[in-house]
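Have a look at the structure below before the remarks.
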Amino acid sequence: MTITPGKIVLPGEVEPVRWTVESGRFLLRGTDTGGLFSLMEFITPPDGGPPLHLHENEDETFVVTSGAYEFRLGDKRYEAGVGTVVYGPRGTSHAFRNIAGTTSTLLCFATPGGAELMFEELIELREREPRLGWQDILALATKHRISYPEGPPPGRG
């Protein structure tokens, strides 16, 4: 086990970055935690959120911190308000969508750490190719062992 020094992240210390219509903040990276977990904040506009997907490498735990979401976990749907905790183990399809009329936020704990790497690569890819297509996103997701059982979201195929 790698022992890493502790870290304090103060409010406003980490600037949000945008990867699609969503943005977020990488609060604790896998490198900060010795690879144990990553902690990210997702900032989701109304009706925003990722399509149904599953991770082969990571478990994700979400905590709704503002607004409201609809979560899909396997074949079930749940409405999730502030304080709701959702656990999505690796290999389980899941999605979330902001159902509030305003921006909503949630925290995502991904184990093991390193989930932020895909988002960083997506940001770099979008900087090089602003009109990124679904096939580009799918190739990146496949590299990180993420799949989309229902394909692209409407209007992005």
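The chains in the structure tokens are called A, B, ... from first to last as shown; in each chain the residues are counted from 1, and the ligands are counted from 1 in the order shown.
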When you look at stretch 99-109 of chain A with a cut-off of 7 Å (counting only C-alpha atoms), what residues show up, excluding the ones that are within fewer than 4 positions of it in the same chain? I need them as a list in words.
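Returned residues: Phe37, Ser38, Leu39, Met40, Glu41, Phe42, Ile43, Thr44, Pro45, Pro46, Asp47, Glu60, Thr61, Phe62, Val63, Val64, Thr65, Ser66, Gly67, Ala68, Tyr69 and Glu70 of chain A.
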Selection: 8 Å around stretch 3-14 of chain A, only C-alpha atoms, excl. self and same-chain fewer than 2 positions, as a CSV table (one decimal) with N, CA and C atoms, in the first residue's frame:
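Done, and the output landed in part39.csv:
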```csv
chain,number,residue,atom,x,y,z
A,1,MET,N,0.8,-1.2,0.0
A,1,MET,CA,0.0,0.0,0.0
A,1,MET,C,0.9,1.2,0.0
A,16,PRO,N,-13.4,24.7,-12.0
A,16,PRO,CA,-14.2,23.8,-12.9
A,16,PRO,C,-13.6,23.7,-14.3
A,25,ARG,N,-15.1,19.4,-11.2
A,25,ARG,CA,-13.8,19.7,-10.6
A,25,ARG,C,-13.2,18.4,-10.1
A,26,PHE,N,-11.9,18.3,-10.3
A,26,PHE,CA,-11.2,17.1,-9.8
A,26,PHE,C,-10.7,17.5,-8.4
A,27,LEU,N,-11.4,17.1,-7.4
A,27,LEU,CA,-11.1,17.5,-6.0
A,27,LEU,C,-9.9,16.7,-5.5
A,32,ASP,N,-3.4,11.7,-5.6
A,32,ASP,CA,-3.4,12.3,-4.3
A,32,ASP,C,-3.7,11.2,-3.2
A,33,THR,N,-4.3,10.1,-3.6
A,33,THR,CA,-4.8,9.1,-2.6
A,33,THR,C,-4.1,7.8,-2.8
A,34,GLY,N,-2.9,7.8,-3.4
A,34,GLY,CA,-2.2,6.5,-3.6
A,34,GLY,C,-2.9,5.5,-4.4
```
Using backbone DSSP assignments, extract all strand (DSSP E) residues from stretch 8-111 of chain A; output them as a ChimeraX atom specification.
/A:17-18,23-28,38-44,54-55,59-66,68-73,76-81,85-88,94-98,104-111
Could you list, as an MDAnalysis selection string, every residue within 10 Å of A:Leu117, counting only C-alpha atoms and ignoring same-chain residues fewer than 3 positions away?
chainID A and resid 26 29:30 113:114 120:123 144
Tell me, in Å to one decimal, how far atom CA of A:Pro152 is from atom CA of A:Met118.
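Rounded to one decimal, the two atoms are 17.3 Å apart.
Proximity ranking of A:Gly24, A:Gly48, A:Gly83, A:Pro130 relative to A:Ala95 places A:Gly48 first, based on only C-alpha atoms.
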Determine which residues of chain A DSSP labels as alpha helix (DSSP H) from the backbone of this structure, then write them out as a list in words.
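Put together, the selection reads Glu116, Leu117, Met118, Phe119, Glu120, Glu121, Leu122, Ile123, Glu124, Leu125, Arg126, Glu127, Arg128, Trp134, Gln135, Asp136, Ile137, Leu138, Ala139, Leu140, Ala141, Thr142 and Lys143 of chain A.
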Which residues are close to A:Gly88, i.e. within 12 Å by only C-alpha atoms, leaving aside same-chain residues fewer than 2 positions away? Reply as a PyMOL selection string.
chain A and resi 52-63+71-74+85-86+90-96+108-111
